[in-house]
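Trainee: Let me begin by handing over the structure; questions about it come next.
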Amino acid sequence: MRFTFLIFFSFFIISSHAQQYDFKTLDTSNGLPSNEVHSILAASDGRIWLGTMGGVSVFNGSTFTNYTRKEGLASNYVLTLFEDSKGRIWIGTVDKGVSRIENGKIKNFERDNPQEVFGTVAFLEGDDGTVYAIAHHTITAYKNDEASLMHSEFFKFPKSLAPNDVAWLDKETILIASTSYGLIKFNIKTTEITYMDSESHNINNICYTVFLDVENVIWLGAYGAMYKIIGDDVITYNFNKKEANLNRVVSIKPYGTDTLVLGLEGNGFAIFNKSTGDYKLYNESVGFQSEYVSDVALDREENIWLGTLNSGIGRFRDESFKFYDASDGLPSDKVNDVEIFDGHIRIATDKGVATLVNNKIQKQLLTSAPTTSLTKTFDNQLLYTTDSEVVLTNAKNDRRILDKGVYHFGYNDSTNTILMATRSMKIINRDSSYIINAFRSIDIAPIGDNYLLPKTQGLFNFENGTLSEISGLPIQRHSFFTGAEAISKNEVVAINDDSLYHITLNEGNYNIATYNYKKENEAEGFNSFSTKNNALYFAKKGRYYKIDLSRLLINNTIVESTYKFPSKFRDSELIFNGTKFLEDGTLVGIPSNGVLFFDETKYKPNYKAPLLNLRTVKLFAEPLADSIYREKEKLVLPYDSNHLSFTMEAISFTNSEEIKYKYRLKGLREGDVWSQPTSNPNVVYSYIPAGHYVFEFTADNGNGIWQKEPVKLALTIKIPFWRLWYFWITVLVLTSFLIIGYIIYRNKKKQKLKEEFTQDLLNAQEQERIRISGELHDSIGQSLLMVKNKILFNSDYKTVDMVDEIIDEVREMSRNLHPFKLQEMGLTDTINSNIDSIDEHQDIFITTEIDDIDGLFKPEQEINIFRLIQESFNNILKHSNAKSAQIQINNFKDHISIVITDNGKGFNVEKEQQSKSKIGLKTLQERVSILNGTFKVVSSKRGTILYFNIPKNA
């Protein structure tokens, strides 16, 4: 067994407490439910999950979504979070056991025995999908949503295990970091327990976290130390023993292949090199928000996320930017210039020149006078200008005053020292010094043996003591210059408010190439720049742009990289001409307060496109019920549900404040054209016509890297029913039916009116017949009897016989006009009587077969039936020349049938029906119609047959 002890000496502590690095803090003011964070998890969907003492929160880079008891969570007191292989988030609580969130829905697994659920501190998942929840007193297995105690005797061993964190050693062995007995190995099959503690391996018994790396090395975080365990060998990494209580290693996460991030409860966090054992602390002394880190996570963009016990969460990415201001020890926040001299960074402020040594501002000042510029001379001295004098000093701090007066900046080379005042410039060389009138220059750049001076009026050439315009750059068209810098001995780059000028000197002549960068939207607003290795670094609000000068000049194109300032300075402008490279390659930027140092070699660009999600779809400002309108892979909405709004989500953390979205609705007018980039994630379409559409959106990561696979949602707005072809066919059919129905109705009404008219006419005719019949019988008949009596009185018997014949004819006419026997004898006997009378008085032989039909019809119907038969025989007698006839009346269940047959000469039925002068058949048809019956005529040369069917409910 081998024990190795290492004490860290290679760490860096910065004594001041300002934020020197780019730390981002998020707390309750940003939407977090509580500032006491116990667990932090980078989930597979890209989001950051947080377990707090106020519930669970999930962060997408811009907003927090919280799950608390109000939303159904069993408890707000969350200790740990875990993501299983199905992407479900498991939640261990202080007092209510285990909960789980899946697709935004909460499921609680509360247990009856409080001892079983008290303090769920960690989770593991087995190969079969079983999730093990480790609590203070139990291990519970969850499989297929069924919970079972894995080993009820688990805590009846000689020692109480007090687990705080767990990891798999192999498929059967769980590593448990115990706050009482160091590292415990627990076999879930045999329940065998092995201890690695102070007695067996000289490991501190108070352990907080355990991590197994890809090389199967165990890393154990403990009180004041961390252990590297390979097999049975232990290597100890001790922190400062006097600060053991400040260095409780409570979280260990991998950070690259050879680095770990350590969460320290009491001393912030550390980045640890596994190979060398070196580490670097980041705590309140360098501006981190809290000393009490509870957990660590790394997102897919390699940002480090840190949960704290009192200040919410923090994010750290790299050390490329450092910032110093008065809170770090600078004599003033107003910085004017920076230079490296004698191996240290010197910072000129309006309260003197400070020195930065090992990231610490020295208290002793080079000078306490307000200093406007610092220039390192060709012979390694420092030239600085104050509010009253120009001083030259060396490494021994020997001061020599070059001149008295107020100068804005100075320049020095082996030939000249040039001092710039507001309205003049002083040139000092070995032989003489002189002053020339020159309204304030902004900068100075040597080229050949000359100098270029950028001014607001234009760019000027200074040669042999003379200031003049440059040929080819008339000041009327080229002015408002903001800087100039030498690239080589005969090459200078200058900029003004809209163009870049590349100027070379060849045999005393200037060659000038101009590139107008104002046409590039991202290039507008440069107020300072600097050069290094043929690259230009422009400063714009909140960022640097790096442009390859060769490609710009050769191809007239910009090839750029963007370096965004720390979030604290995202909206900051650098001061005019406030950018310069130091000799160690550090790029200095001077904002309105303090000074910003940028080390490009430490910058970690984010090349990952964001993960996309369509967060919500709303219909008339209300969440759309997807299940109601979902049809397979698209939404199908009624024509009047056409006011839709979409909330886009791009999950990215490095530059989340500057994420841009593009979207389109394919199928809508110019829907194939992407929108202009926008920072607003909400899209509203107030009216979408009926049709088929695909809503698409994409986003960048805040640094110009766009997601190439847009999110797509197919949707259909149904066509209004009145615009459907089958609607119009239906309307046409219905209209046709209505028209036809109306015509039928009108014809039926006309027919009914006609029938009613015919009925009224027949009734009137019948009444008239009754009247005439009555008069024939009562009046004329009585008169004829009186005449007969008078003739008998005169004994004229021949005349009496004639009168008797007349009386018989009148009586016959009276009976034909109105069958009085109907009321007395009934319909059947009346018909028989009428047939017998015809047979008796006419030269025709009639046979009858008549069923009893009395009482089946109303009186007026019986008259019509009688008239049918009477008129049929009248027609036979008048027109057929028949010798015989037959009538057959049958009484069926629901109707009677009347068939009248003769053997006459017949007639043309069609011609008879079309004749307007012949009404025999028409009269029969009218009577049948009144009775709601049917009538058919069959006629030939051998005779005629009349068929009548009359319903009993007529």
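By order in the structure tokens, chains are A, B, ...; within a chain, residues start at 1; ligands start at 1, following the order shown.
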Find the residues near Thr385 in chain A: any atom within 9 Å, counting only C-alpha atoms, skip ones fewer than 3 places away on the same chain, and give them as a short mmCIF file (atom, residue, chain, number, x, y, z; two decimals) with N, CA, C and O atoms, in the first residue's frame.
Mentor:
```cif
data_model
loop_
_atom_site.label_atom_id
_atom_site.label_comp_id
_atom_site.auth_asym_id
_atom_site.auth_seq_id
_atom_site.Cartn_x
_atom_site.Cartn_y
_atom_site.Cartn_z
N PRO A 370 -1.44 63.56 -12.26
CA PRO A 370 -2.31 63.10 -13.35
C PRO A 370 -1.49 62.86 -14.61
O PRO A 370 -0.80 63.76 -15.09
N THR A 371 -1.54 61.65 -15.14
CA THR A 371 -0.69 61.25 -16.25
C THR A 371 -1.54 60.93 -17.47
O THR A 371 -2.50 60.15 -17.38
N THR A 372 -1.20 61.53 -18.60
CA THR A 372 -2.01 61.37 -19.81
C THR A 372 -1.48 60.32 -20.78
O THR A 372 -2.25 59.77 -21.58
N SER A 373 -0.17 60.02 -20.76
CA SER A 373 0.34 59.03 -21.71
C SER A 373 1.61 58.40 -21.18
O SER A 373 2.33 58.98 -20.36
N LEU A 374 1.88 57.17 -21.69
CA LEU A 374 3.10 56.43 -21.39
C LEU A 374 3.68 55.95 -22.70
O LEU A 374 2.97 55.38 -23.54
N THR A 375 5.02 56.17 -22.88
CA THR A 375 5.68 55.73 -24.11
C THR A 375 7.01 55.11 -23.75
O THR A 375 7.84 55.73 -23.05
N SER A 388 1.54 68.75 -16.14
CA SER A 388 2.41 69.94 -16.05
C SER A 388 3.79 69.74 -16.65
O SER A 388 4.52 70.72 -16.85
N GLU A 389 4.15 68.49 -16.96
CA GLU A 389 5.52 68.27 -17.44
C GLU A 389 5.62 66.97 -18.21
O GLU A 389 4.73 66.11 -18.16
N VAL A 390 6.76 66.84 -18.91
CA VAL A 390 7.10 65.59 -19.61
C VAL A 390 8.34 65.04 -18.94
O VAL A 390 9.36 65.74 -18.79
N VAL A 391 8.27 63.75 -18.51
CA VAL A 391 9.32 63.15 -17.71
C VAL A 391 9.87 61.91 -18.43
O VAL A 391 9.10 61.13 -19.00
N LEU A 392 11.17 61.76 -18.33
CA LEU A 392 11.84 60.56 -18.83
C LEU A 392 12.46 59.86 -17.62
O LEU A 392 13.21 60.48 -16.86
N VAL A 406 1.72 71.34 -20.75
CA VAL A 406 0.67 70.32 -20.86
C VAL A 406 0.74 69.70 -22.25
O VAL A 406 0.51 70.38 -23.27
N TYR A 407 1.07 68.43 -22.28
CA TYR A 407 1.11 67.67 -23.53
C TYR A 407 0.19 66.44 -23.40
O TYR A 407 0.12 65.81 -22.34
N HIS A 408 -0.48 66.14 -24.48
CA HIS A 408 -1.44 65.03 -24.45
C HIS A 408 -0.76 63.68 -24.58
O HIS A 408 -1.17 62.70 -23.97
N PHE A 409 0.27 63.60 -25.42
CA PHE A 409 1.03 62.36 -25.51
C PHE A 409 2.39 62.65 -26.14
O PHE A 409 2.61 63.74 -26.72
N GLY A 410 3.28 61.68 -26.00
CA GLY A 410 4.60 61.83 -26.56
C GLY A 410 4.98 60.63 -27.41
O GLY A 410 4.42 59.54 -27.28
N LEU A 419 6.37 65.77 -28.93
CA LEU A 419 5.38 66.01 -27.90
C LEU A 419 4.19 66.74 -28.51
O LEU A 419 4.36 67.78 -29.18
#
```
Trainee: Which residues are close to range 616-622 of chain A, i.e. within 7 Å by only C-alpha atoms, leaving aside same-chain residues fewer than 2 positions away? Reply as a ChimeraX atom specification.
Mentor: /A:614,624,641,643-647
Trainee: Can I get the selected residues back with N, CA and C atoms, as a compact mmCIF listing (two decimals), in the first residue's frame?
Mentor:
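As a result, again_22.txt now contains:
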```
# COMPACT_ATOMS: atom_id res chain seq x y z
N LEU A 614 -39.03 24.71 -30.22
CA LEU A 614 -40.21 25.58 -30.32
C LEU A 614 -40.92 25.52 -28.98
N LEU A 624 -51.85 26.70 -27.31
CA LEU A 624 -52.58 25.84 -28.23
C LEU A 624 -52.58 24.40 -27.71
N SER A 641 -59.24 29.87 -36.81
CA SER A 641 -58.16 29.79 -35.81
C SER A 641 -56.84 30.11 -36.50
N HIS A 643 -54.90 33.11 -35.89
CA HIS A 643 -54.03 34.08 -35.21
C HIS A 643 -53.07 33.29 -34.33
N LEU A 644 -51.84 33.12 -34.83
CA LEU A 644 -50.88 32.26 -34.16
C LEU A 644 -49.65 33.05 -33.73
N SER A 645 -49.11 32.67 -32.59
CA SER A 645 -47.84 33.23 -32.13
C SER A 645 -46.93 32.09 -31.69
N PHE A 646 -45.66 32.24 -31.98
CA PHE A 646 -44.67 31.21 -31.70
C PHE A 646 -43.59 31.81 -30.79
N THR A 647 -43.17 31.02 -29.80
CA THR A 647 -42.04 31.41 -28.97
C THR A 647 -40.89 30.47 -29.28
```
Trainee: At a cut-off of 10 Å, using only C-alpha atoms, what residues contact Glu696 in chain A? Leave out same-chain residues fewer than 6 positions from it and give the result as a PDB file with C-alpha atoms, in the first residue's frame.
Mentor:
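Saved file result.pdb follows:
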```pdb
ATOM      1  CA  LEU A 614     -40.208  25.576 -30.324  1.00  0.00           C
ATOM      2  CA  MET A 648     -38.656  30.265 -30.238  1.00  0.00           C
ATOM      3  CA  LYS A 662     -34.417  34.056 -38.114  1.00  0.00           C
ATOM      4  CA  TYR A 663     -37.768  32.624 -39.095  1.00  0.00           C
ATOM      5  CA  ARG A 664     -40.138  32.195 -41.987  1.00  0.00           C
ATOM      6  CA  LEU A 665     -43.594  30.823 -42.720  1.00  0.00           C
ATOM      7  CA  LYS A 666     -43.237  28.904 -45.945  1.00  0.00           C
ATOM      8  CA  GLY A 671     -42.567  32.896 -46.914  1.00  0.00           C
ATOM      9  CA  ASP A 672     -39.469  31.354 -48.474  1.00  0.00           C
ATOM     10  CA  TRP A 674     -35.916  34.396 -43.990  1.00  0.00           C
ATOM     11  CA  GLU A 709     -30.990  22.448 -39.038  1.00  0.00           C
ATOM     12  CA  PRO A 710     -33.998  24.693 -38.439  1.00  0.00           C
ATOM     13  CA  VAL A 711     -36.948  23.657 -36.336  1.00  0.00           C
ATOM     14  CA  LYS A 712     -39.963  22.964 -38.521  1.00  0.00           C
ATOM     15  CA  LEU A 713     -43.669  22.847 -37.708  1.00  0.00           C
ATOM     16  CA  ALA A 714     -46.106  21.947 -40.470  1.00  0.00           C
TER      17      ALA A 714
END
```
Trainee: Let's see if you can do this: from backbone DSSP, list all strand (DSSP E) residues in range 397-519 of chain A, as a PyMOL selection string.
Mentor: chain A and resi 399-404+409-412+417-420+424-428+433-437+445-447+450-454+459-463+466-469+481-488+491-496+499-506+509-516
Trainee: Find the spatial neighbours of Ile229 in chain A, counting only C-alpha atoms, within a cut-off of 9 Å - ignore same-chain residues fewer than 5 positions away - and output them as a PyMOL selection string.
Mentor: chain A and resi 217-220+234-236
Trainee: Got a sec: who's within 10 Å of Tyr77 in chain A, counting only C-alpha atoms, leaving out chain neighbours fewer than 6 positions off, as an MDAnalysis selection string?
Mentor: chainID A and resid 36:38 51:56 68:69 91:96 119
Trainee: Return the single residue from A:Ile435, A:Ala445, A:Ile705, A:Val595 that is closest to Lys334 in chain A, with distances computed using only C-alpha atoms.
Mentor: A:Val595
Trainee: Of the residues A:Gly312, A:Ala885, A:Ile184, A:Thr482, which is the one nearest to Ser34 in chain A, using only C-alpha atoms?
Mentor: A:Gly312
Trainee: Would you please give, as a VMD selection string, all residues of range 190-294 of chain A that DSSP assigns to alpha helix (DSSP H) based on the backbone?
Mentor: chain A and resid 198 to 201
Trainee: Residues near range 297-305 of chain A, anyone? I mean within 6 Å using only C-alpha atoms, not counting same-chain ones fewer than 5 positions away, as an MDAnalysis selection string.
Mentor: chainID A and resid 41:42 314:317
Trainee: Just the selected residues (N, CA and C atoms), exported as a CSV table (one decimal), in the first residue's frame, please.
Mentor:
```
chain,number,residue,atom,x,y,z
A,41,LEU,N,-27.0,20.6,-12.7
A,41,LEU,CA,-26.9,19.5,-13.6
A,41,LEU,C,-27.0,20.1,-15.0
A,42,ALA,N,-26.1,19.7,-15.9
A,42,ALA,CA,-26.1,20.0,-17.3
A,42,ALA,C,-26.8,18.8,-18.0
A,314,GLY,N,-23.2,30.8,-10.6
A,314,GLY,CA,-22.2,31.6,-11.3
A,314,GLY,C,-21.7,30.8,-12.6
A,315,ARG,N,-21.2,31.6,-13.5
A,315,ARG,CA,-20.7,31.0,-14.8
A,315,ARG,C,-19.3,31.5,-15.0
A,316,PHE,N,-18.4,30.6,-15.4
A,316,PHE,CA,-17.0,31.0,-15.7
A,316,PHE,C,-16.6,30.3,-17.0
A,317,ARG,N,-15.9,31.1,-17.9
A,317,ARG,CA,-15.6,30.4,-19.2
A,317,ARG,C,-14.0,30.4,-19.4
```
Trainee: Name the closest residue to Lys360 in chain A among the candidates A:Gly483, A:Gly329, A:Gly97, A:Gly343; distances are taken between atoms, counting only C-alpha atoms.
Mentor: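 Checking each candidate against Lys360 in chain A, we get A:Gly329 as the closest.
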